[in-house]
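Chemist: Provided below: entry-v8.tsv, containing TSV, C-alpha atoms (C1' of nucleotides).
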```tsv
chain	number	residue	atom	x	y	z
A	111	MET	CA	0.00	0.00	0.00
A	112	SER	CA	1.27	3.43	-0.91
A	113	VAL	CA	-0.42	5.61	1.72
A	114	PRO	CA	0.63	5.02	5.34
A	115	LEU	CA	-2.23	4.12	7.60
A	116	TYR	CA	-1.85	7.11	9.88
A	117	GLN	CA	-2.22	9.38	6.90
A	118	ALA	CA	-5.33	7.57	5.72
A	119	LYS	CA	-6.71	7.95	9.24
A	120	ALA	CA	-6.00	11.64	9.23
A	121	GLU	CA	-7.82	12.07	5.95
A	122	PHE	CA	-10.71	10.05	7.23
A	123	PHE	CA	-11.07	12.25	10.31
A	124	LYS	CA	-10.70	15.29	8.15
A	125	THR	CA	-13.79	14.32	6.19
A	126	LEU	CA	-15.66	14.15	9.49
A	127	GLY	CA	-14.37	17.59	10.44
A	128	HIS	CA	-17.26	19.73	9.26
A	129	PRO	CA	-20.53	20.42	11.07
A	130	ALA	CA	-22.71	19.88	8.02
A	131	ARG	CA	-21.06	16.58	7.25
A	132	ILE	CA	-21.61	15.44	10.82
A	133	ARG	CA	-25.27	16.38	10.63
A	134	ILE	CA	-25.63	14.57	7.32
A	135	LEU	CA	-24.12	11.39	8.72
A	136	GLU	CA	-26.27	11.61	11.83
A	137	LEU	CA	-29.43	11.98	9.78
A	138	LEU	CA	-28.44	9.27	7.35
A	139	SER	CA	-27.61	6.85	10.10
A	140	GLU	CA	-31.24	7.08	11.21
A	141	ARG	CA	-32.57	6.40	7.71
A	142	ASP	CA	-31.98	7.25	4.07
A	143	HIS	CA	-32.79	10.82	3.07
A	144	ALA	CA	-33.34	12.68	-0.17
A	145	VAL	CA	-31.31	15.85	-0.55
A	146	HIS	CA	-34.26	18.17	-0.02
A	147	GLU	CA	-35.06	16.31	3.21
A	148	LEU	CA	-31.52	16.86	4.45
A	149	LEU	CA	-31.89	20.46	3.40
A	150	ALA	CA	-34.93	20.82	5.63
A	151	HIS	CA	-32.85	19.83	8.67
A	152	ILE	CA	-29.54	21.50	7.90
A	153	ASP	CA	-29.43	25.23	7.56
A	154	ILE	CA	-27.16	25.76	4.54
A	155	GLU	CA	-27.53	26.58	0.86
A	156	PRO	CA	-28.33	23.75	-1.52
A	157	SER	CA	-25.05	24.20	-3.33
A	158	SER	CA	-23.14	23.99	-0.09
A	159	LEU	CA	-24.96	20.85	0.94
A	160	SER	CA	-24.24	19.35	-2.44
A	161	GLN	CA	-20.57	20.09	-1.98
A	162	GLN	CA	-20.42	18.44	1.42
A	163	LEU	CA	-22.29	15.44	0.06
A	164	ALA	CA	-19.70	15.25	-2.68
A	165	VAL	CA	-16.95	15.09	-0.07
A	166	LEU	CA	-18.69	12.21	1.67
A	167	ARG	CA	-19.24	10.46	-1.65
A	168	ARG	CA	-15.58	10.78	-2.61
A	169	THR	CA	-14.53	9.08	0.60
A	170	SER	CA	-17.13	6.36	0.08
A	171	LEU	CA	-18.92	7.11	3.32
A	172	VAL	CA	-22.24	7.60	1.56
A	173	THR	CA	-23.80	6.57	-1.73
A	174	SER	CA	-26.49	8.23	-3.80
A	175	THR	CA	-29.22	6.86	-6.01
A	176	ARG	CA	-31.53	8.74	-8.28
A	177	VAL	CA	-35.15	7.84	-7.55
A	178	GLY	CA	-37.42	9.62	-10.00
A	179	GLY	CA	-37.01	13.30	-9.43
A	180	GLU	CA	-34.97	13.06	-6.25
A	181	VAL	CA	-31.57	11.83	-5.18
A	182	VAL	CA	-31.52	9.60	-2.13
A	183	TYR	CA	-28.44	9.23	0.03
A	184	SER	CA	-27.50	6.37	2.35
A	185	VAL	CA	-24.53	5.63	4.58
A	186	SER	CA	-22.37	2.92	3.08
A	187	VAL	CA	-20.32	2.37	6.24
A	188	PRO	CA	-22.72	1.69	9.11
A	189	GLU	CA	-19.88	1.61	11.66
A	190	VAL	CA	-19.64	5.37	11.33
A	191	ARG	CA	-22.55	5.54	13.69
A	192	ASP	CA	-20.47	3.94	16.46
A	193	LEU	CA	-17.73	6.42	15.77
A	194	LEU	CA	-20.13	9.33	16.20
A	195	LEU	CA	-21.41	7.85	19.43
A	196	ALA	CA	-17.87	7.35	20.70
A	197	ALA	CA	-17.07	10.94	19.82
A	198	ARG	CA	-20.08	12.14	21.77
A	199	ARG	CA	-19.00	10.18	24.82
A	200	ILE	CA	-15.47	11.50	24.70
A	201	LEU	CA	-16.69	14.99	24.04
A	202	SER	CA	-19.09	15.13	26.95
A	203	GLY	CA	-16.21	14.01	29.15
A	204	VAL	CA	-13.91	16.71	27.86
A	205	ILE	CA	-16.59	19.39	28.00
A	206	ALA	CA	-17.53	18.42	31.54
A	207	ALA	CA	-13.88	18.59	32.58
A	208	GLN	CA	-13.50	22.01	31.02
A	209	GLY	CA	-16.67	23.12	32.72
A	210	GLU	CA	-15.32	22.11	36.11
A	211	LEU	CA	-12.07	23.90	35.42
A	212	GLU	CA	-13.99	26.98	34.46
A	213	SER	CA	-16.10	26.95	37.59
A	214	GLU	CA	-12.96	26.66	39.66
A	215	LEU	CA	-11.52	29.73	38.00
A	216	SER	CA	-14.69	31.79	38.32
A	217	PRO	CA	-17.19	30.10	40.64
A	218	THR	CA	-19.99	32.55	39.88
A	219	ALA	CA	-20.61	32.25	36.15
A	220	GLY	CA	-19.40	30.37	33.11
A	221	SER	CA	-18.18	32.52	30.19
B	130	MET	CA	-24.36	25.36	26.24
B	131	SER	CA	-23.64	27.74	23.42
B	132	VAL	CA	-21.97	25.46	20.86
B	133	PRO	CA	-24.22	22.82	19.30
B	134	LEU	CA	-22.96	19.30	19.80
B	135	TYR	CA	-22.54	18.54	16.13
B	136	GLN	CA	-20.25	21.51	15.81
B	137	ALA	CA	-18.20	20.44	18.79
B	138	LYS	CA	-17.94	17.00	17.20
B	139	ALA	CA	-16.77	18.49	13.93
B	140	GLU	CA	-14.07	20.45	15.71
B	141	PHE	CA	-13.03	17.40	17.63
B	142	PHE	CA	-12.62	15.38	14.44
B	143	LYS	CA	-10.82	18.28	12.84
B	144	THR	CA	-8.15	18.15	15.50
B	145	LEU	CA	-7.65	14.48	14.63
B	146	GLY	CA	-7.36	15.37	10.96
B	147	HIS	CA	-3.60	15.65	10.63
B	148	PRO	CA	-1.11	12.82	10.16
B	149	ALA	CA	1.35	14.13	12.73
B	150	ARG	CA	-1.37	14.52	15.32
B	151	ILE	CA	-2.54	10.96	14.70
B	152	ARG	CA	1.01	9.68	15.13
B	153	ILE	CA	1.42	11.67	18.33
B	154	LEU	CA	-1.76	10.25	19.81
B	155	GLU	CA	-0.82	6.73	18.78
B	156	LEU	CA	2.59	7.04	20.41
B	157	LEU	CA	1.19	8.67	23.53
B	158	SER	CA	-1.49	6.04	23.93
B	159	GLU	CA	1.31	3.49	24.30
B	160	ARG	CA	3.11	5.51	26.94
B	161	ASP	CA	4.13	9.05	27.83
B	162	HIS	CA	6.81	10.58	25.63
B	163	ALA	CA	9.12	13.56	25.85
B	164	VAL	CA	9.07	15.82	22.83
B	165	HIS	CA	12.45	14.67	21.56
B	166	GLU	CA	11.25	11.07	21.74
B	167	LEU	CA	8.24	11.91	19.62
B	168	LEU	CA	10.56	13.72	17.29
B	169	ALA	CA	12.59	10.55	16.82
B	170	HIS	CA	9.49	8.75	15.55
B	171	ILE	CA	7.78	11.45	13.54
B	172	ASP	CA	9.56	12.96	10.60
B	173	ILE	CA	8.85	16.68	10.94
B	174	GLU	CA	10.65	19.79	12.17
B	175	PRO	CA	10.68	20.47	15.90
B	176	SER	CA	8.76	23.69	15.47
B	177	SER	CA	6.11	21.92	13.47
B	178	LEU	CA	5.78	19.21	16.08
B	179	SER	CA	5.46	21.86	18.75
B	180	GLN	CA	2.70	23.47	16.76
B	181	GLN	CA	0.76	20.23	16.46
B	182	LEU	CA	1.24	19.52	20.15
B	183	ALA	CA	-0.17	22.94	20.85
B	184	VAL	CA	-3.28	22.06	18.86
B	185	LEU	CA	-3.76	18.91	20.92
B	186	ARG	CA	-3.17	20.83	24.13
B	187	ARG	CA	-5.73	23.46	23.20
B	188	THR	CA	-8.38	20.79	22.76
B	189	SER	CA	-7.38	19.15	26.03
B	190	LEU	CA	-6.50	15.85	24.38
B	191	VAL	CA	-3.00	15.87	25.84
B	192	THR	CA	-1.22	17.51	28.74
B	193	SER	CA	2.41	18.43	29.19
B	194	THR	CA	4.68	18.52	32.21
B	195	ARG	CA	8.16	19.89	32.46
B	196	VAL	CA	10.50	17.28	33.95
B	197	GLY	CA	13.93	18.78	34.33
B	198	GLY	CA	15.18	19.64	30.91
B	199	GLU	CA	12.46	17.89	28.96
B	200	VAL	CA	8.74	18.25	28.44
B	201	VAL	CA	6.73	15.08	28.78
B	202	TYR	CA	3.36	14.67	27.11
B	203	SER	CA	0.54	12.32	28.03
B	204	VAL	CA	-2.95	11.68	26.67
B	205	SER	CA	-5.57	13.09	28.96
B	206	VAL	CA	-8.48	11.30	27.28
B	207	PRO	CA	-7.67	7.59	27.18
B	208	GLU	CA	-10.80	6.79	25.14
B	209	VAL	CA	-9.10	8.34	22.17
B	210	ARG	CA	-7.32	5.07	21.75
B	211	ASP	CA	-10.63	3.28	21.11
B	212	LEU	CA	-11.49	5.92	18.58
B	213	LEU	CA	-8.26	5.35	16.69
B	214	LEU	CA	-8.87	1.61	16.74
B	215	ALA	CA	-12.41	2.10	15.48
B	216	ALA	CA	-11.11	4.31	12.70
B	217	ARG	CA	-8.63	1.65	11.68
B	218	ARG	CA	-11.36	-0.97	11.49
B	219	ILE	CA	-13.61	1.23	9.41
B	220	LEU	CA	-10.76	2.28	7.23
B	221	SER	CA	-9.59	-1.21	6.43
B	222	GLY	CA	-13.14	-2.01	5.42
B	223	VAL	CA	-13.38	0.99	3.13
B	224	ILE	CA	-9.93	0.42	1.65
B	225	ALA	CA	-10.68	-3.24	1.02
B	226	ALA	CA	-13.92	-2.30	-0.72
B	227	GLN	CA	-12.13	0.23	-2.89
B	228	GLY	CA	-9.49	-2.37	-3.68
B	229	GLU	CA	-12.13	-4.79	-4.90
B	230	LEU	CA	-13.74	-2.13	-7.01
B	231	GLU	CA	-10.38	-1.27	-8.50
B	232	SER	CA	-9.60	-4.88	-9.40
B	233	GLU	CA	-12.95	-5.15	-11.13
B	234	LEU	CA	-12.17	-2.13	-13.23
B	235	SER	CA	-8.63	-3.21	-14.14
B	236	PRO	CA	-7.98	-6.82	-13.17
B	237	THR	CA	-4.26	-6.62	-13.94
B	238	ALA	CA	-2.84	-3.97	-11.66
B	239	GLY	CA	-3.91	-1.53	-8.97
B	240	SER	CA	-3.02	2.11	-9.60
C	128	DT	C1'	29.29	32.28	33.38
C	129	DC	C1'	28.89	30.54	28.84
C	130	DA	C1'	27.51	27.16	25.76
C	131	DT	C1'	24.27	23.79	24.64
C	132	DC	C1'	20.25	20.95	24.52
C	133	DA	C1'	15.15	20.91	24.57
C	134	DC	C1'	11.29	23.29	23.22
C	135	DT	C1'	8.21	27.11	22.05
C	136	DT	C1'	6.74	31.23	19.69
C	137	DG	C1'	6.24	34.55	15.91
C	138	DA	C1'	6.05	35.72	11.26
C	139	DT	C1'	5.11	34.70	6.64
C	140	DA	C1'	4.33	32.41	2.27
C	141	DA	C1'	1.91	28.57	0.15
C	142	DA	C1'	-1.74	25.42	0.06
C	143	DG	C1'	-6.18	23.92	1.26
C	144	DT	C1'	-11.19	24.71	2.54
C	145	DG	C1'	-15.65	26.70	2.74
C	146	DT	C1'	-19.32	30.08	1.03
C	147	DG	C1'	-22.48	32.14	-2.04
C	148	DC	C1'	-23.89	33.19	-6.58
C	149	DA	C1'	-24.89	32.04	-11.18
C	150	DA	C1'	-25.31	28.73	-14.63
C	151	DC	C1'	-26.50	24.01	-15.94
C	152	DT	C1'	-28.75	19.12	-16.13
C	153	DG	C1'	-32.47	15.77	-15.42
C	154	DA	C1'	-37.19	14.57	-14.33
C	155	DA	C1'	-41.93	15.66	-13.66
C	156	DA	C1'	-45.98	18.69	-13.91
C	157	DA	C1'	-48.75	22.02	-16.40
D	289	DT	C1'	-43.43	22.05	-25.17
D	290	DT	C1'	-42.55	25.00	-21.47
D	291	DT	C1'	-42.08	25.51	-16.54
D	292	DT	C1'	-40.67	24.20	-12.40
D	293	DC	C1'	-38.56	21.42	-8.90
D	294	DA	C1'	-34.36	18.85	-7.41
D	295	DG	C1'	-29.55	18.78	-7.45
D	296	DT	C1'	-24.94	19.61	-9.13
D	297	DT	C1'	-21.00	22.18	-10.88
D	298	DG	C1'	-17.91	26.23	-11.71
D	299	DC	C1'	-16.02	30.13	-10.03
D	300	DA	C1'	-14.32	34.03	-7.25
D	301	DC	C1'	-13.41	35.51	-2.74
D	302	DA	C1'	-12.45	35.09	2.15
D	303	DC	C1'	-10.60	32.38	5.64
D	304	DT	C1'	-7.80	28.68	7.78
D	305	DT	C1'	-4.14	25.60	8.14
D	306	DT	C1'	0.45	24.14	7.44
D	307	DA	C1'	5.51	24.37	6.75
D	308	DT	C1'	9.61	26.72	7.41
D	309	DC	C1'	12.85	29.93	9.21
D	310	DA	C1'	14.47	32.89	12.74
D	311	DA	C1'	14.43	34.29	17.32
D	312	DG	C1'	13.54	33.48	22.23
D	313	DT	C1'	13.06	30.87	26.96
D	314	DG	C1'	14.54	27.46	30.47
D	315	DA	C1'	17.35	24.08	32.43
D	316	DT	C1'	21.74	21.56	32.50
D	317	DG	C1'	26.65	20.75	32.03
D	318	DA	C1'	31.37	22.42	31.16
```
Just dump the structure as structure tokens.
Modeler:
Amino acid sequence: MSVPLYQAKAEFFKTLGHPARIRILELLSERDHAVHELLAHIDIEPSSLSQQLAVLRRTSLVTSTRVGGEVVYSVSVPEVRDLLLAARRILSGVIAAQGELESELSPTAGS
Amino acid sequence: MSVPLYQAKAEFFKTLGHPARIRILELLSERDHAVHELLAHIDIEPSSLSQQLAVLRRTSLVTSTRVGGEVVYSVSVPEVRDLLLAARRILSGVIAAQGELESELSPTAGS
DNA sequence: TCATCACTTGATAAAGTGTGCAACTGAAAA
DNA sequence: TTTTCAGTTGCACACTTTATCAAGTGATGA
């Protein structure tokens, strides 16, 4: 293999590193969605959504199918869901820790 | 909380989205390392390493302690290790799938 | 004290990313 | 056939990230 694994990992995480792409994956891991359905949940321009979907397509995390007038997206790597859950767990830990630290510094109010 | 969770997640993944930072976390999840030890394993300039360590510090994923002449880093969120393992599993799946696809397209050699 | 090792910081140029607008394609409805 | 809805693509601009070089701090050893 030409690309070292740690670099592939970095690129993988990079594709997860955008709020819209996270939202897309969260919605798609519930069920398949057409683009206009995603659009109803995510507050960005259609062209921007399309671009983020393209990023996810390029990395094979989602696939699209044309169904009549609409394009339906699905996750092609179901394990991504676990990853998002793991991230949430870690994150709540980190955020809680930072919260404590903050309260120690200024016990009256959080910034 | 002011920052929506999906945005916090995106930022979290973004900090993982760099090959040097992945290497650092992998090394640190084995055991603590001084900066010059990391430097021996990761092929980048000291200043660049320092910069990446700063990114990880800012997001509270690692902590540093001065021990005499050297600065020792440790992971402060051990669950990160699971995340890296999960990423590797997902990634090998995706890479394998792409490999198959590639062989179908050109059965003789992979690009 | 002076030199040196171990790191960090600052500045800057180059590369990469994201955003919004306009133009374009395909399918369905009028 | 013409419109309209559903998406995508191209492009210009702003913003961010990264790499590198030079300069600076802190501790140790000569």
Chemist: Only residues of chain C matter here; which ones have an atom within 10 Å of chain B, counting only C-alpha atoms (C1' of nucleotides)? Give them as a VMD selection string.
Modeler: chain C and resid 132 to 136
Chemist: Could you save the residues just selected, with C-alpha atoms (C1' of nucleotides), as an mmCIF file, in the coordinates of the input?
Modeler:
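Dumped everything to out08.cif:
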```cif
data_model
loop_
_atom_site.group_PDB
_atom_site.id
_atom_site.type_symbol
_atom_site.label_atom_id
_atom_site.label_comp_id
_atom_site.auth_asym_id
_atom_site.auth_seq_id
_atom_site.Cartn_x
_atom_site.Cartn_y
_atom_site.Cartn_z
ATOM 1 C "C1'" DC C 132 20.250 20.950 24.520
ATOM 2 C "C1'" DA C 133 15.150 20.910 24.570
ATOM 3 C "C1'" DC C 134 11.290 23.290 23.220
ATOM 4 C "C1'" DT C 135 8.210 27.110 22.050
ATOM 5 C "C1'" DT C 136 6.740 31.230 19.690
#
```
Chemist: One decimal, Å: what's the distance from CA of Arg187 (chain B) over to CA of Val190 (chain A), could you say?
Modeler: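 Distance between the two atoms: 25.7 Å.
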Chemist: Record the distance separating CA of Val196 (chain B) and CA of Glu166 (chain B), expressed in Å with one decimal.
Modeler: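 That distance, rounded to one decimal, is 13.7 Å.
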Chemist: Mind dumping a table of every chain B residue within 8 Å of chain A, with the nearest atom pair and its distance in Å to one decimal, using all atoms listed in the file, sorted by chain and rising number, as JSON lines?
Modeler:
```
{"residue": "B:Leu134", "atom": "CA", "partner": "A:Arg198", "partner_atom": "CA", "distance": 8.0}
{"residue": "B:Tyr135", "atom": "CA", "partner": "A:Pro129", "partner_atom": "CA", "distance": 5.8}
{"residue": "B:Gln136", "atom": "CA", "partner": "A:Pro129", "partner_atom": "CA", "distance": 4.9}
{"residue": "B:Ala137", "atom": "CA", "partner": "A:Leu201", "partner_atom": "CA", "distance": 7.7}
{"residue": "B:Lys138", "atom": "CA", "partner": "A:Ala197", "partner_atom": "CA", "distance": 6.7}
{"residue": "B:Ala139", "atom": "CA", "partner": "A:Gly127", "partner_atom": "CA", "distance": 4.3}
{"residue": "B:Glu140", "atom": "CA", "partner": "A:Gly127", "partner_atom": "CA", "distance": 6.0}
{"residue": "B:Phe141", "atom": "CA", "partner": "A:Gly127", "partner_atom": "CA", "distance": 7.3}
{"residue": "B:Phe142", "atom": "CA", "partner": "A:Gly127", "partner_atom": "CA", "distance": 4.9}
{"residue": "B:Lys143", "atom": "CA", "partner": "A:Gly127", "partner_atom": "CA", "distance": 4.3}
{"residue": "B:Leu145", "atom": "CA", "partner": "A:Phe123", "partner_atom": "CA", "distance": 5.9}
{"residue": "B:Gly146", "atom": "CA", "partner": "A:Ala120", "partner_atom": "CA", "distance": 4.3}
{"residue": "B:His147", "atom": "CA", "partner": "A:Ala120", "partner_atom": "CA", "distance": 4.9}
{"residue": "B:Pro148", "atom": "CA", "partner": "A:Gln117", "partner_atom": "CA", "distance": 4.9}
{"residue": "B:Ile151", "atom": "CA", "partner": "A:Tyr116", "partner_atom": "CA", "distance": 6.2}
{"residue": "B:Arg152", "atom": "CA", "partner": "A:Tyr116", "partner_atom": "CA", "distance": 6.5}
{"residue": "B:Ser189", "atom": "CA", "partner": "A:Val204", "partner_atom": "CA", "distance": 7.2}
{"residue": "B:Val206", "atom": "CA", "partner": "A:Ile200", "partner_atom": "CA", "distance": 7.5}
{"residue": "B:Glu208", "atom": "CA", "partner": "A:Ile200", "partner_atom": "CA", "distance": 6.6}
{"residue": "B:Val209", "atom": "CA", "partner": "A:Ile200", "partner_atom": "CA", "distance": 7.5}
{"residue": "B:Leu212", "atom": "CA", "partner": "A:Leu193", "partner_atom": "CA", "distance": 6.9}
{"residue": "B:Ala215", "atom": "CA", "partner": "A:Leu193", "partner_atom": "CA", "distance": 6.9}
{"residue": "B:Ala216", "atom": "CA", "partner": "A:Lys119", "partner_atom": "CA", "distance": 6.7}
{"residue": "B:Arg217", "atom": "CA", "partner": "A:Lys119", "partner_atom": "CA", "distance": 7.0}
{"residue": "B:Ile219", "atom": "CA", "partner": "A:Glu189", "partner_atom": "CA", "distance": 6.7}
{"residue": "B:Leu220", "atom": "CA", "partner": "A:Lys119", "partner_atom": "CA", "distance": 7.3}
{"residue": "B:Val223", "atom": "CA", "partner": "A:Ser170", "partner_atom": "CA", "distance": 7.2}
```
Chemist: Write the residues of the preceding selection, restricted to C-alpha atoms, as a tab-separated table (two decimals), in the frame of the given file.
Modeler:
```tsv
chain	number	residue	atom	x	y	z
B	134	LEU	CA	-22.96	19.30	19.80
B	135	TYR	CA	-22.54	18.54	16.13
B	136	GLN	CA	-20.25	21.51	15.81
B	137	ALA	CA	-18.20	20.44	18.79
B	138	LYS	CA	-17.94	17.00	17.20
B	139	ALA	CA	-16.77	18.49	13.93
B	140	GLU	CA	-14.07	20.45	15.71
B	141	PHE	CA	-13.03	17.40	17.63
B	142	PHE	CA	-12.62	15.38	14.44
B	143	LYS	CA	-10.82	18.28	12.84
B	145	LEU	CA	-7.65	14.48	14.63
B	146	GLY	CA	-7.36	15.37	10.96
B	147	HIS	CA	-3.60	15.65	10.63
B	148	PRO	CA	-1.11	12.82	10.16
B	151	ILE	CA	-2.54	10.96	14.70
B	152	ARG	CA	1.01	9.68	15.13
B	189	SER	CA	-7.38	19.15	26.03
B	206	VAL	CA	-8.48	11.30	27.28
B	208	GLU	CA	-10.80	6.79	25.14
B	209	VAL	CA	-9.10	8.34	22.17
B	212	LEU	CA	-11.49	5.92	18.58
B	215	ALA	CA	-12.41	2.10	15.48
B	216	ALA	CA	-11.11	4.31	12.70
B	217	ARG	CA	-8.63	1.65	11.68
B	219	ILE	CA	-13.61	1.23	9.41
B	220	LEU	CA	-10.76	2.28	7.23
B	223	VAL	CA	-13.38	0.99	3.13
```
Chemist: How far is it from CA of Leu168 (chain B) to CA of Val201 (chain B), in Å with one decimal?
Modeler: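 CA of Leu168 (chain B) sits 12.2 Å away from CA of Val201 (chain B).
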Chemist: Once you count only C-alpha atoms (C1' of nucleotides), what closest atom pair and distance in Å to one decimal does each residue of chain D within 12 Å of chain B have, with rows by chain and rising residue number, as a Markdown table?
Modeler:
```
| residue | atom | partner | partner_atom | distance |
| --- | --- | --- | --- | --- |
| D:DT304 | C1' | B:Lys143 | CA | 12.0 |
| D:DT305 | C1' | B:His147 | CA | 10.3 |
| D:DT306 | C1' | B:Ser177 | CA | 8.6 |
| D:DA307 | C1' | B:Ser177 | CA | 7.2 |
| D:DT308 | C1' | B:Glu174 | CA | 8.5 |
| D:DC309 | C1' | B:Ser176 | CA | 9.7 |
| D:DA310 | C1' | B:Ser176 | CA | 11.2 |
| D:DG314 | C1' | B:Gly198 | CA | 7.9 |
| D:DA315 | C1' | B:Gly198 | CA | 5.2 |
| D:DT316 | C1' | B:Gly198 | CA | 7.0 |
| D:DG317 | C1' | B:Gly198 | CA | 11.6 |
```
Chemist: Output file request: region 136-149 of chain C, with N, CA, C and O atoms (P, O5', C5', C4', C3', O3' and C1' of nucleotides), as a tab-separated table (two decimals), in the first residue's frame.
Modeler:
```
chain	number	residue	atom	x	y	z
C	136	DT	P	4.35	28.23	23.40
C	136	DT	O5'	4.81	29.46	22.49
C	136	DT	C5'	5.82	30.34	22.97
C	136	DT	C4'	6.15	31.39	21.93
C	136	DT	C3'	4.95	31.88	21.11
C	136	DT	O3'	4.97	33.30	21.15
C	136	DT	C1'	6.74	31.23	19.69
C	137	DG	P	3.85	34.20	20.53
C	137	DG	O5'	4.56	34.72	19.20
C	137	DG	C5'	5.90	35.18	19.26
C	137	DG	C4'	6.29	35.78	17.92
C	137	DG	C3'	5.12	36.29	17.09
C	137	DG	O3'	5.53	37.49	16.44
C	137	DG	C1'	6.24	34.55	15.91
C	138	DA	P	4.62	38.29	15.52
C	138	DA	O5'	5.20	37.94	14.08
C	138	DA	C5'	6.61	37.88	13.88
C	138	DA	C4'	6.90	37.56	12.43
C	138	DA	C3'	5.84	38.06	11.46
C	138	DA	O3'	6.48	38.54	10.29
C	138	DA	C1'	6.05	35.72	11.26
C	139	DT	P	5.64	39.24	9.13
C	139	DT	O5'	5.67	38.16	7.97
C	139	DT	C5'	6.90	37.47	7.71
C	139	DT	C4'	6.67	36.42	6.64
C	139	DT	C3'	5.55	36.78	5.67
C	139	DT	O3'	5.92	36.36	4.38
C	139	DT	C1'	5.11	34.70	6.64
C	140	DA	P	5.31	36.99	3.09
C	140	DA	O5'	5.45	35.78	2.06
C	140	DA	C5'	6.64	34.97	2.08
C	140	DA	C4'	6.27	33.57	1.66
C	140	DA	C3'	5.36	33.50	0.44
C	140	DA	O3'	5.80	32.45	-0.39
C	140	DA	C1'	4.33	32.41	2.27
C	141	DA	P	5.05	32.11	-1.76
C	141	DA	O5'	4.30	30.75	-1.40
C	141	DA	C5'	5.03	29.68	-0.81
C	141	DA	C4'	4.12	28.50	-0.62
C	141	DA	C3'	3.19	28.24	-1.81
C	141	DA	O3'	3.16	26.84	-2.05
C	141	DA	C1'	1.91	28.57	0.15
C	142	DA	P	2.27	26.21	-3.20
C	142	DA	O5'	1.11	25.52	-2.34
C	142	DA	C5'	1.47	24.73	-1.20
C	142	DA	C4'	0.21	24.28	-0.49
C	142	DA	C3'	-0.88	23.79	-1.44
C	142	DA	O3'	-1.30	22.53	-0.96
C	142	DA	C1'	-1.74	25.42	0.06
C	143	DG	P	-2.49	21.72	-1.66
C	143	DG	O5'	-3.67	22.00	-0.62
C	143	DG	C5'	-3.44	21.81	0.76
C	143	DG	C4'	-4.69	22.16	1.54
C	143	DG	C3'	-5.97	21.59	0.92
C	143	DG	O3'	-6.72	21.00	1.98
C	143	DG	C1'	-6.18	23.92	1.26
C	144	DT	P	-8.09	20.21	1.71
C	144	DT	O5'	-9.21	21.08	2.42
C	144	DT	C5'	-8.92	22.36	2.86
C	144	DT	C4'	-10.09	22.94	3.60
C	144	DT	C3'	-11.46	22.43	3.14
C	144	DT	O3'	-12.34	22.44	4.24
C	144	DT	C1'	-11.19	24.71	2.54
C	145	DG	P	-13.89	22.19	4.08
C	145	DG	O5'	-14.41	23.68	3.95
C	145	DG	C5'	-14.45	24.50	5.11
C	145	DG	C4'	-15.30	25.71	4.84
C	145	DG	C3'	-16.73	25.41	4.41
C	145	DG	O3'	-17.59	26.33	5.10
C	145	DG	C1'	-15.65	26.70	2.74
C	146	DT	P	-19.14	26.48	4.72
C	146	DT	O5'	-19.14	27.75	3.75
C	146	DT	C5'	-18.70	29.01	4.25
C	146	DT	C4'	-19.28	30.11	3.37
C	146	DT	C3'	-20.73	29.83	2.95
C	146	DT	O3'	-21.50	31.01	3.13
C	146	DT	C1'	-19.32	30.08	1.03
C	147	DG	P	-23.06	31.05	2.82
C	147	DG	O5'	-23.12	31.84	1.44
C	147	DG	C5'	-22.32	33.01	1.27
C	147	DG	C4'	-22.51	33.52	-0.14
C	147	DG	C3'	-23.95	33.38	-0.64
C	147	DG	O3'	-24.29	34.57	-1.35
C	147	DG	C1'	-22.48	32.14	-2.04
C	148	DC	P	-25.76	34.73	-2.01
C	148	DC	O5'	-25.41	34.75	-3.56
C	148	DC	C5'	-24.32	35.54	-4.02
C	148	DC	C4'	-24.06	35.24	-5.49
C	148	DC	C3'	-25.33	35.06	-6.31
C	148	DC	O3'	-25.23	35.83	-7.50
C	148	DC	C1'	-23.89	33.19	-6.58
C	149	DA	P	-26.54	35.95	-8.45
C	149	DA	O5'	-26.00	35.19	-9.75
C	149	DA	C5'	-24.65	35.34	-10.15
C	149	DA	C4'	-24.34	34.31	-11.22
C	149	DA	C3'	-25.49	34.08	-12.19
C	149	DA	O3'	-24.97	33.95	-13.50
C	149	DA	C1'	-24.89	32.04	-11.18
```
